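entry-v5.cif follows (mmCIF, C-alpha atoms):
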```cif
data_protein
#
loop_
_atom_site.group_PDB
_atom_site.id
_atom_site.type_symbol
_atom_site.label_atom_id
_atom_site.label_comp_id
_atom_site.auth_asym_id
_atom_site.auth_seq_id
_atom_site.Cartn_x
_atom_site.Cartn_y
_atom_site.Cartn_z
ATOM 1 C CA MET Z 26 18.407 -16.765 -26.651
ATOM 2 C CA ASN Z 27 18.940 -20.217 -25.120
ATOM 3 C CA GLU Z 28 16.908 -22.899 -26.900
ATOM 4 C CA ALA Z 29 16.380 -24.706 -23.587
ATOM 5 C CA ASN Z 30 14.028 -21.915 -22.604
ATOM 6 C CA TYR Z 31 11.671 -22.787 -25.445
ATOM 7 C CA SER Z 32 11.717 -26.539 -24.917
ATOM 8 C CA GLU Z 33 11.124 -26.407 -21.145
ATOM 9 C CA VAL Z 34 8.939 -23.298 -20.730
ATOM 10 C CA SER Z 35 7.260 -21.999 -23.868
ATOM 11 C CA GLU Z 36 4.576 -19.914 -22.155
ATOM 12 C CA PHE Z 37 3.680 -18.382 -18.819
ATOM 13 C CA ILE Z 38 0.375 -18.382 -16.950
ATOM 14 C CA PHE Z 39 -0.810 -15.192 -15.258
ATOM 15 C CA LEU Z 40 -2.530 -15.762 -11.910
ATOM 16 C CA GLY Z 41 -4.115 -12.347 -12.366
ATOM 17 C CA LEU Z 42 -5.659 -10.067 -9.771
ATOM 18 C CA SER Z 43 -8.401 -12.372 -8.488
ATOM 19 C CA ILE Z 44 -9.740 -15.912 -8.966
ATOM 20 C CA TYR Z 45 -13.324 -14.927 -8.072
ATOM 21 C CA ARG Z 46 -15.568 -14.392 -11.076
ATOM 22 C CA PRO Z 47 -17.641 -11.465 -9.651
ATOM 23 C CA THR Z 48 -14.407 -9.620 -8.845
ATOM 24 C CA GLN Z 49 -13.131 -10.382 -12.346
ATOM 25 C CA TYR Z 50 -16.319 -8.883 -13.846
ATOM 26 C CA PHE Z 51 -15.767 -5.716 -11.824
ATOM 27 C CA LEU Z 52 -12.088 -5.545 -12.860
ATOM 28 C CA PHE Z 53 -13.084 -6.117 -16.498
ATOM 29 C CA ALA Z 54 -15.522 -3.174 -16.412
ATOM 30 C CA PHE Z 55 -13.055 -0.967 -14.508
ATOM 31 C CA SER Z 56 -10.171 -1.798 -16.880
ATOM 32 C CA THR Z 57 -12.282 -1.224 -19.988
ATOM 33 C CA ILE Z 58 -13.561 2.160 -18.814
ATOM 34 C CA SER Z 59 -10.076 3.187 -17.657
ATOM 35 C CA TYR Z 60 -8.444 2.238 -20.963
ATOM 36 C CA ALA Z 61 -11.142 4.057 -22.971
ATOM 37 C CA SER Z 62 -10.544 7.164 -20.822
ATOM 38 C CA ILE Z 63 -6.778 6.851 -21.276
ATOM 39 C CA PHE Z 64 -7.182 6.585 -25.047
ATOM 40 C CA LEU Z 65 -9.561 9.546 -25.341
ATOM 41 C CA GLY Z 66 -7.715 11.783 -22.868
ATOM 42 C CA ASN Z 67 -4.166 11.260 -24.087
ATOM 43 C CA PHE Z 68 -4.905 11.185 -27.811
ATOM 44 C CA SER Z 69 -6.997 14.333 -27.475
ATOM 45 C CA VAL Z 70 -3.973 16.064 -25.959
ATOM 46 C CA VAL Z 71 -1.666 14.855 -28.752
ATOM 47 C CA LEU Z 72 -4.064 15.894 -31.530
ATOM 48 C CA ILE Z 73 -4.828 19.315 -30.014
ATOM 49 C CA VAL Z 74 -1.126 20.118 -29.608
ATOM 50 C CA ILE Z 75 -0.395 19.004 -33.190
ATOM 51 C CA PHE Z 76 -3.245 20.891 -34.867
ATOM 52 C CA ASP Z 77 -3.393 24.089 -32.786
ATOM 53 C CA PRO Z 78 -0.514 26.423 -33.756
ATOM 54 C CA HIS Z 79 -1.007 28.418 -30.529
ATOM 55 C CA LEU Z 80 0.271 25.381 -28.595
ATOM 56 C CA HIS Z 81 3.481 24.933 -30.577
ATOM 57 C CA SER Z 82 5.670 25.748 -27.574
ATOM 58 C CA PRO Z 83 8.166 23.701 -25.530
ATOM 59 C CA MET Z 84 5.761 23.004 -22.658
ATOM 60 C CA TYR Z 85 3.000 21.610 -24.875
ATOM 61 C CA PHE Z 86 5.446 19.700 -27.042
ATOM 62 C CA LEU Z 87 6.631 17.900 -23.894
ATOM 63 C CA LEU Z 88 3.033 17.382 -22.713
ATOM 64 C CA ALA Z 89 2.101 15.764 -26.019
ATOM 65 C CA ASN Z 90 5.076 13.421 -25.753
ATOM 66 C CA LEU Z 91 4.122 12.518 -22.178
ATOM 67 C CA SER Z 92 0.561 11.744 -23.284
ATOM 68 C CA PHE Z 93 1.837 9.524 -26.098
ATOM 69 C CA VAL Z 94 4.141 7.625 -23.717
ATOM 70 C CA ASP Z 95 1.321 7.248 -21.166
ATOM 71 C CA PHE Z 96 -0.979 5.761 -23.800
ATOM 72 C CA CYS Z 97 1.689 3.320 -25.009
ATOM 73 C CA PHE Z 98 2.561 2.385 -21.414
ATOM 74 C CA SER Z 99 -1.057 1.418 -20.683
ATOM 75 C CA THR Z 100 -1.426 -0.315 -24.050
ATOM 76 C CA SER Z 101 1.481 -2.614 -23.204
ATOM 77 C CA THR Z 102 -0.539 -4.296 -20.425
ATOM 78 C CA VAL Z 103 -4.177 -3.200 -20.100
ATOM 79 C CA PRO Z 104 -5.629 -4.669 -23.365
ATOM 80 C CA LYS Z 105 -4.071 -8.036 -22.459
ATOM 81 C CA LEU Z 106 -5.569 -7.776 -18.956
ATOM 82 C CA ILE Z 107 -9.017 -6.978 -20.408
ATOM 83 C CA SER Z 108 -8.754 -9.952 -22.773
ATOM 84 C CA ASP Z 109 -7.683 -12.290 -19.961
ATOM 85 C CA LEU Z 110 -10.499 -11.155 -17.680
ATOM 86 C CA TYR Z 111 -13.032 -11.688 -20.476
ATOM 87 C CA SER Z 112 -11.816 -15.067 -21.739
ATOM 88 C CA SER Z 113 -10.021 -16.497 -18.652
ATOM 89 C CA HIS Z 114 -7.192 -17.455 -21.033
ATOM 90 C CA ASN Z 115 -4.387 -16.077 -18.871
ATOM 91 C CA THR Z 116 -1.336 -17.196 -20.854
ATOM 92 C CA ILE Z 117 1.480 -15.403 -22.651
ATOM 93 C CA SER Z 118 4.245 -16.897 -24.779
ATOM 94 C CA PHE Z 119 7.865 -16.734 -23.648
ATOM 95 C CA GLN Z 120 8.773 -14.389 -26.517
ATOM 96 C CA ASN Z 121 5.818 -12.064 -25.849
ATOM 97 C CA CYS Z 122 6.671 -11.970 -22.147
ATOM 98 C CA ILE Z 123 10.221 -10.849 -22.991
ATOM 99 C CA PHE Z 124 8.853 -8.289 -25.462
ATOM 100 C CA GLN Z 125 6.368 -6.934 -22.895
ATOM 101 C CA MET Z 126 9.146 -6.443 -20.340
ATOM 102 C CA PHE Z 127 11.295 -4.731 -22.969
ATOM 103 C CA VAL Z 128 8.514 -2.296 -23.919
ATOM 104 C CA LEU Z 129 7.565 -1.604 -20.297
ATOM 105 C CA HIS Z 130 11.100 -0.641 -19.321
ATOM 106 C CA VAL Z 131 11.684 1.478 -22.443
ATOM 107 C CA LEU Z 132 8.477 3.420 -21.799
ATOM 108 C CA GLY Z 133 8.930 3.546 -18.020
ATOM 109 C CA GLY Z 134 12.485 4.873 -18.291
ATOM 110 C CA CYS Z 135 11.427 7.340 -20.984
ATOM 111 C CA GLU Z 136 8.512 8.662 -18.892
ATOM 112 C CA MET Z 137 10.721 9.176 -15.838
ATOM 113 C CA VAL Z 138 13.178 11.253 -17.851
ATOM 114 C CA LEU Z 139 10.350 13.165 -19.558
ATOM 115 C CA LEU Z 140 8.897 14.136 -16.176
ATOM 116 C CA VAL Z 141 12.295 15.489 -15.137
ATOM 117 C CA VAL Z 142 12.576 17.431 -18.422
ATOM 118 C CA MET Z 143 9.093 18.882 -17.882
ATOM 119 C CA ALA Z 144 10.014 19.952 -14.360
ATOM 120 C CA TRP Z 145 13.151 21.595 -15.768
ATOM 121 C CA ASP Z 146 10.995 23.353 -18.379
ATOM 122 C CA ARG Z 147 8.755 24.796 -15.642
ATOM 123 C CA TYR Z 148 11.803 25.816 -13.603
ATOM 124 C CA VAL Z 149 13.277 27.746 -16.549
ATOM 125 C CA ALA Z 150 9.899 29.328 -17.400
ATOM 126 C CA ILE Z 151 9.362 30.567 -13.825
ATOM 127 C CA CYS Z 152 12.909 31.287 -12.669
ATOM 128 C CA LYS Z 153 14.490 32.495 -15.939
ATOM 129 C CA PRO Z 154 11.587 33.786 -18.048
ATOM 130 C CA LEU Z 155 13.705 36.179 -20.165
ATOM 131 C CA HIS Z 156 15.958 33.338 -21.307
ATOM 132 C CA TYR Z 157 13.200 30.712 -21.621
ATOM 133 C CA LEU Z 158 12.935 30.546 -25.418
ATOM 134 C CA THR Z 159 16.712 30.503 -25.750
ATOM 135 C CA ILE Z 160 17.239 27.729 -23.224
ATOM 136 C CA MET Z 161 14.203 25.673 -24.309
ATOM 137 C CA SER Z 162 14.624 26.074 -28.071
ATOM 138 C CA PRO Z 163 12.748 23.675 -30.394
ATOM 139 C CA ARG Z 164 16.014 21.922 -31.281
ATOM 140 C CA LYS Z 165 16.912 21.459 -27.606
ATOM 141 C CA CYS Z 166 13.407 20.161 -26.802
ATOM 142 C CA MET Z 167 13.679 17.625 -29.602
ATOM 143 C CA LEU Z 168 17.097 16.504 -28.360
ATOM 144 C CA LEU Z 169 15.761 16.161 -24.796
ATOM 145 C CA VAL Z 170 12.872 13.982 -25.956
ATOM 146 C CA ILE Z 171 15.178 11.838 -28.108
ATOM 147 C CA GLY Z 172 17.497 11.572 -25.110
ATOM 148 C CA ALA Z 173 14.595 10.372 -22.950
ATOM 149 C CA TRP Z 174 13.826 7.587 -25.436
ATOM 150 C CA ILE Z 175 17.512 6.614 -25.673
ATOM 151 C CA ILE Z 176 17.845 6.448 -21.873
ATOM 152 C CA GLY Z 177 14.699 4.305 -21.709
ATOM 153 C CA LEU Z 178 16.087 2.003 -24.407
ATOM 154 C CA ILE Z 179 19.469 1.641 -22.697
ATOM 155 C CA HIS Z 180 17.766 0.997 -19.357
ATOM 156 C CA SER Z 181 15.548 -1.721 -20.870
ATOM 157 C CA VAL Z 182 18.335 -3.457 -22.788
ATOM 158 C CA THR Z 183 20.615 -3.568 -19.739
ATOM 159 C CA GLN Z 184 17.791 -5.043 -17.653
ATOM 160 C CA LEU Z 185 16.918 -7.777 -20.150
ATOM 161 C CA ALA Z 186 20.577 -8.602 -20.763
ATOM 162 C CA PHE Z 187 20.666 -9.851 -17.161
ATOM 163 C CA VAL Z 188 17.721 -12.228 -17.480
ATOM 164 C CA VAL Z 189 17.091 -13.209 -21.085
ATOM 165 C CA HIS Z 190 19.215 -16.364 -20.891
ATOM 166 C CA LEU Z 191 17.933 -17.583 -17.529
ATOM 167 C CA PRO Z 192 17.042 -21.315 -17.485
ATOM 168 C CA PHE Z 193 13.466 -22.231 -16.551
ATOM 169 C CA CYS Z 194 12.518 -25.706 -15.434
ATOM 170 C CA SER Z 195 8.853 -26.418 -14.798
ATOM 171 C CA SER Z 196 7.179 -23.585 -12.908
ATOM 172 C CA ASN Z 197 5.564 -21.109 -15.295
ATOM 173 C CA GLU Z 198 2.984 -19.312 -13.130
ATOM 174 C CA ILE Z 199 3.468 -15.556 -12.721
ATOM 175 C CA ASP Z 200 1.574 -14.118 -9.766
ATOM 176 C CA SER Z 201 0.555 -10.967 -11.613
ATOM 177 C CA PHE Z 202 -1.342 -9.812 -14.710
ATOM 178 C CA TYR Z 203 1.745 -8.806 -16.706
ATOM 179 C CA CYS Z 204 5.392 -9.794 -17.134
ATOM 180 C CA ASP Z 205 7.968 -7.902 -15.132
ATOM 181 C CA LEU Z 206 11.467 -8.704 -14.000
ATOM 182 C CA PRO Z 207 10.997 -9.549 -10.288
ATOM 183 C CA ARG Z 208 8.254 -12.140 -10.952
ATOM 184 C CA PHE Z 209 10.069 -13.422 -14.047
ATOM 185 C CA ILE Z 210 13.350 -13.949 -12.190
ATOM 186 C CA GLU Z 211 11.572 -15.804 -9.376
ATOM 187 C CA LEU Z 212 10.719 -18.627 -11.784
ATOM 188 C CA ALA Z 213 14.326 -19.345 -12.792
ATOM 189 C CA CYS Z 214 15.735 -22.668 -11.547
ATOM 190 C CA VAL Z 215 19.138 -21.219 -10.599
ATOM 191 C CA ASP Z 216 20.391 -19.040 -7.766
ATOM 192 C CA THR Z 217 19.222 -15.553 -8.754
ATOM 193 C CA TYR Z 218 20.569 -13.493 -5.842
ATOM 194 C CA ARG Z 219 23.080 -11.590 -8.003
ATOM 195 C CA MET Z 220 20.462 -11.098 -10.697
ATOM 196 C CA GLU Z 221 18.004 -9.699 -8.155
ATOM 197 C CA PHE Z 222 20.674 -7.330 -6.863
ATOM 198 C CA LEU Z 223 21.523 -6.048 -10.359
ATOM 199 C CA VAL Z 224 17.854 -5.499 -11.216
ATOM 200 C CA THR Z 225 17.311 -3.673 -7.907
ATOM 201 C CA VAL Z 226 20.331 -1.433 -8.492
ATOM 202 C CA ASP Z 227 19.428 -0.615 -12.111
ATOM 203 C CA SER Z 228 15.668 -0.020 -11.845
ATOM 204 C CA GLY Z 229 15.738 1.162 -8.239
ATOM 205 C CA LEU Z 230 18.471 3.678 -8.991
ATOM 206 C CA ILE Z 231 16.718 5.280 -11.977
ATOM 207 C CA SER Z 232 13.391 5.407 -10.068
ATOM 208 C CA VAL Z 233 14.780 6.938 -6.868
ATOM 209 C CA THR Z 234 17.165 9.337 -8.674
ATOM 210 C CA THR Z 235 14.537 10.789 -11.009
ATOM 211 C CA PHE Z 236 12.003 11.013 -8.166
ATOM 212 C CA PHE Z 237 14.343 13.083 -5.996
ATOM 213 C CA LEU Z 238 15.371 15.253 -8.966
ATOM 214 C CA LEU Z 239 11.689 16.046 -9.517
ATOM 215 C CA ILE Z 240 11.068 16.862 -5.863
ATOM 216 C CA LEU Z 241 14.175 19.097 -5.776
ATOM 217 C CA SER Z 242 13.073 20.943 -8.911
ATOM 218 C CA TYR Z 243 9.645 21.621 -7.389
ATOM 219 C CA ILE Z 244 11.300 22.895 -4.182
ATOM 220 C CA PHE Z 245 13.504 25.271 -6.227
ATOM 221 C CA ILE Z 246 10.460 26.540 -8.125
ATOM 222 C CA LEU Z 247 8.493 27.177 -4.926
ATOM 223 C CA PHE Z 248 11.481 28.881 -3.277
ATOM 224 C CA THR Z 249 11.984 31.163 -6.306
ATOM 225 C CA VAL Z 250 8.281 32.072 -6.451
ATOM 226 C CA TRP Z 251 8.243 32.684 -2.682
ATOM 227 C CA LYS Z 252 11.110 35.172 -3.001
ATOM 228 C CA GLN Z 253 9.304 37.020 -5.805
ATOM 229 C CA SER Z 254 5.740 37.203 -4.467
ATOM 230 C CA LEU Z 255 3.745 35.613 -1.674
ATOM 231 C CA GLY Z 256 0.586 35.941 -3.770
ATOM 232 C CA SER Z 257 2.093 33.892 -6.556
ATOM 233 C CA LEU Z 258 3.245 31.259 -4.053
ATOM 234 C CA SER Z 259 -0.275 30.026 -3.275
ATOM 235 C CA LYS Z 260 -1.036 29.710 -7.009
ATOM 236 C CA ALA Z 261 2.238 27.868 -7.687
ATOM 237 C CA LEU Z 262 1.661 25.627 -4.676
ATOM 238 C CA SER Z 263 -1.829 24.760 -5.919
ATOM 239 C CA THR Z 264 -0.480 23.854 -9.362
ATOM 240 C CA LEU Z 265 2.581 21.962 -8.184
ATOM 241 C CA SER Z 266 0.689 20.000 -5.517
ATOM 242 C CA ALA Z 267 -1.334 18.373 -8.296
ATOM 243 C CA HIS Z 268 1.858 17.633 -10.249
ATOM 244 C CA ILE Z 269 3.529 16.183 -7.160
ATOM 245 C CA SER Z 270 0.497 13.948 -6.562
ATOM 246 C CA VAL Z 271 0.892 12.446 -10.045
ATOM 247 C CA VAL Z 272 4.642 12.022 -9.548
ATOM 248 C CA VAL Z 273 4.094 10.187 -6.242
ATOM 249 C CA LEU Z 274 1.406 7.954 -7.788
ATOM 250 C CA PHE Z 275 3.713 7.060 -10.684
ATOM 251 C CA PHE Z 276 6.980 6.653 -8.794
ATOM 252 C CA GLY Z 277 5.527 5.100 -5.634
ATOM 253 C CA PRO Z 278 4.788 1.686 -7.199
ATOM 254 C CA CYS Z 279 8.049 1.769 -9.199
ATOM 255 C CA ILE Z 280 10.146 2.445 -6.115
ATOM 256 C CA PHE Z 281 8.239 -0.180 -4.104
ATOM 257 C CA VAL Z 282 8.638 -2.858 -6.787
ATOM 258 C CA TYR Z 283 12.319 -2.239 -7.509
ATOM 259 C CA VAL Z 284 13.696 -1.131 -4.142
ATOM 260 C CA TRP Z 285 11.847 -3.996 -2.440
ATOM 261 C CA PRO Z 286 11.495 -6.138 -5.580
ATOM 262 C CA PHE Z 287 10.826 -9.623 -4.213
ATOM 263 C CA PRO Z 288 8.047 -9.282 -1.629
ATOM 264 C CA THR Z 289 6.377 -12.223 0.082
ATOM 265 C CA LEU Z 290 2.944 -10.685 -0.522
ATOM 266 C CA PRO Z 291 1.688 -9.885 -4.061
ATOM 267 C CA VAL Z 292 1.152 -6.197 -3.275
ATOM 268 C CA ASP Z 293 3.072 -5.075 -6.359
ATOM 269 C CA LYS Z 294 0.436 -6.214 -8.858
ATOM 270 C CA PHE Z 295 -2.228 -4.060 -7.180
ATOM 271 C CA LEU Z 296 0.114 -1.076 -6.985
ATOM 272 C CA ALA Z 297 0.792 -1.541 -10.715
ATOM 273 C CA ILE Z 298 -2.835 -0.562 -11.374
ATOM 274 C CA LEU Z 299 -1.855 2.978 -10.348
ATOM 275 C CA ASP Z 300 0.833 3.109 -13.048
ATOM 276 C CA PHE Z 301 -1.131 1.434 -15.826
ATOM 277 C CA MET Z 302 -4.676 2.751 -15.282
ATOM 278 C CA ILE Z 303 -4.790 5.686 -12.860
ATOM 279 C CA THR Z 304 -1.741 7.867 -13.604
ATOM 280 C CA PRO Z 305 -2.293 7.866 -17.420
ATOM 281 C CA ILE Z 306 -5.785 9.268 -16.765
ATOM 282 C CA LEU Z 307 -4.592 11.856 -14.255
ATOM 283 C CA ASN Z 308 -1.728 13.155 -16.411
ATOM 284 C CA PRO Z 309 -3.907 14.714 -19.158
ATOM 285 C CA ALA Z 310 -6.389 15.926 -16.525
ATOM 286 C CA ILE Z 311 -3.809 17.618 -14.286
ATOM 287 C CA TYR Z 312 -1.195 18.737 -16.791
ATOM 288 C CA THR Z 313 -3.583 19.938 -19.484
ATOM 289 C CA LEU Z 314 -7.293 20.095 -18.650
ATOM 290 C CA ARG Z 315 -6.535 22.440 -15.736
ATOM 291 C CA ASN Z 316 -4.534 24.585 -18.146
ATOM 292 C CA LYS Z 317 -6.294 27.677 -19.508
ATOM 293 C CA ASP Z 318 -4.563 27.629 -22.909
ATOM 294 C CA MET Z 319 -5.424 23.964 -23.377
ATOM 295 C CA LYS Z 320 -9.094 24.520 -22.593
ATOM 296 C CA VAL Z 321 -9.233 27.449 -25.031
ATOM 297 C CA ALA Z 322 -7.561 25.297 -27.703
ATOM 298 C CA MET Z 323 -10.111 22.507 -27.119
ATOM 299 C CA ARG Z 324 -13.000 24.942 -27.580
ATOM 300 C CA ARG Z 325 -11.332 26.427 -30.663
ATOM 301 C CA LEU Z 326 -10.819 23.001 -32.234
ATOM 302 C CA SER Z 327 -14.387 21.956 -31.396
ATOM 303 C CA LYS Z 328 -15.773 25.079 -33.109
ATOM 304 C CA GLN Z 329 -13.647 24.412 -36.197
ATOM 305 C CA LEU Z 330 -14.869 20.825 -36.415
ATOM 306 C CA LEU Z 331 -18.510 21.879 -35.970
ATOM 307 C CA SER Z 332 -18.224 24.614 -38.614
ATOM 308 C CA ARG Z 333 -16.694 22.163 -41.090
ATOM 309 C CA LYS Z 334 -19.415 19.644 -40.326
ATOM 310 C CA SER Z 335 -22.181 22.203 -40.874
ATOM 311 C CA ALA Z 336 -20.530 23.356 -44.099
ATOM 312 C CA CYS Z 337 -20.659 19.795 -45.416
#
```

Have the structure of the file written as structure tokens, please.
Amino acid sequence: MNEANYSEVSEFIFLGLSIYRPTQYFLFAFSTISYASIFLGNFSVVLIVIFDPHLHSPMYFLLANLSFVDFCFSTSTVPKLISDLYSSHNTISFQNCIFQMFVLHVLGGCEMVLLVVMAWDRYVAICKPLHYLTIMSPRKCMLLVIGAWIIGLIHSVTQLAFVVHLPFCSSNEIDSFYCDLPRFIELACVDTYRMEFLVTVDSGLISVTTFFLLILSYIFILFTVWKQSLGSLSKALSTLSAHISVVVLFFGPCIFVYVWPFPTLPVDKFLAILDFMITPILNPAIYTLRNKDMKVAMRRLSKQLLSRKSAC
């Protein structure tokens, strides 16, 4: 990394979501409650899937991985936001800013691919039930998850390779509550048009492509169910509508930020709240808590814990 970066700009200042103290108090309470819910919801899913042998199937394996990624995705930004709102010390070092962007893009790319894999899993389960366990074997599920992490890693490294050596002069104020490429690039004291284009192509392409793959997979599922039974269609539509809502909430901000990545109004930082605090809460609620097997497993695990506690 260029040493000039350290000598001229060693840290960045977040302008945050609001300068008004009452609003900051509200955001502090909202962020704290949201993060606690994200922690409890997603880790409960991971632990239940690990410890309940009835849930050792491809669908729940993928759900547990999604919950883990969601928790890590929120952890990359929300604890820092809570700390900044509490202390009003809204700074981050240059190295930590780079690291935060790296983690965000690894996890973001991984989650996008995981959502596509999960949609494919549902497609196979509904459209090819007799071949489901053959197609979605444990080995193949593991390879798909590893592939999701590798794609996220490649995506993140290619993004940061564009910007990590950018020269910064004096401006170090980021109009957001976290580091991300569009706001980071804006601070560079060189012409960044090509850089902006490359970032838009890379992140915008993966966001839009995975989004349309998901929508197409849901359309195929609904079409297949419709051909089989009209009664099953309403049930599938009810289930998939909730899934589509989560997909839109997650991909909407991503597509907005990276297809129109350099807006004149700071709308992106408010949309980011959906990705960091709302979607990670909705995922365990929609994908698992509405699931009959998951609810049975939660009751089963609760009874086991209570019986062990009474035995002690």

Checklist outcome for this item: Computed gap from CA of Leu80 (chain Z) to CA of Tyr243 (chain Z) is 23.5 Å

Checklist entry - Using the chain letters and numbers from the file, which residues does the PyMOL selection byres ((chain Z and resi 37-49) around 7) grab, as an MDAnalysis selection string? => result chainID Z and resid 36 50:53 110 115:119 197:202

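Residue nearest Ile269 (chain Z) within the list Z:Ile107, Z:Leu191, Z:Val141, Z:Leu168: Z:Val141 [criterion: smallest interatomic distance, only C-alpha atoms].
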
Item to check | Test item: the PyMOL selection byres ((chain Z and resi 312) around 10) resolved as number ranges by chain | outcome: Z: 70, 85, 88, 91-92, 264-265, 267-268, 271, 307-311, 313-316, 319

Next on the checklist: Counting all atoms listed in the file, which residues sit no farther than 9 Å from the position (18.6, -1.0, -14.2) in the file's frame? I'd like them as a ChimeraX atom specification.
Outcome noted: /Z:179-184,223-231

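The closest residue to Gly177 (chain Z), picked from Z:Pro104, Z:Pro78, Z:Pro278, Z:Gly133 and counting only C-alpha atoms, is Z:Gly133.
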
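Take CA of Phe301 (chain Z) and CA of Val103 (chain Z): the distance between them is 7.0 Å.
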
Next on the checklist: Evaluate the PyMOL selection byres ((chain Z and resi 239) around 9) against this structure - the residues, as a list in words, please.
Outcome noted: Leu140, Val141, Ala144, Trp145, Thr234, Thr235, Phe236, Phe237, Leu238, Ile240, Leu241, Ser242, Tyr243, Ile244, Ile269 and Val272 of chain Z

Checklist entry - Mind pulling up the distance from CA of Phe295 (chain Z) to CA of Ser113 (chain Z)? => result 18.6 Å

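You can rank Z:Ile246, Z:Leu158, Z:Val74, Z:Val34 by their closest distance to Phe193 (chain Z) using only C-alpha atoms, and at the top of that list sits Z:Val34.
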
Next on the checklist: Nearest residue to Phe276 (chain Z) out of Z:Met302, Z:Val233, Z:Cys135, Z:Val149, using only C-alpha atoms?
Outcome noted: Z:Val233

Item to check | Answer as number ranges by chain, residues within 6 Å of (-5.6, 4.3, -25.1) using all atoms listed in the file | outcome: Z: 60-61, 63-64, 96

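Each of Z:Ser101, Z:Thr249, Z:Asn90, Z:Ser108 was compared to Val131 (chain Z) using all atoms listed in the file, and Z:Ser101 turns out to be the nearest.
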
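Distance check against Ile160 (chain Z) using all atoms listed in the file: of Z:Phe93, Z:Ile176, Z:Tyr148, Z:His114, the minimum falls on Z:Tyr148.
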
Item to check | Shell around region 161-164 of chain Z at 10 Å using only C-alpha atoms, local window under 3 positions removed, as a PyMOL selection string | outcome: chain Z and resi 81-84+86+145-146+149-150+156-158+167-169
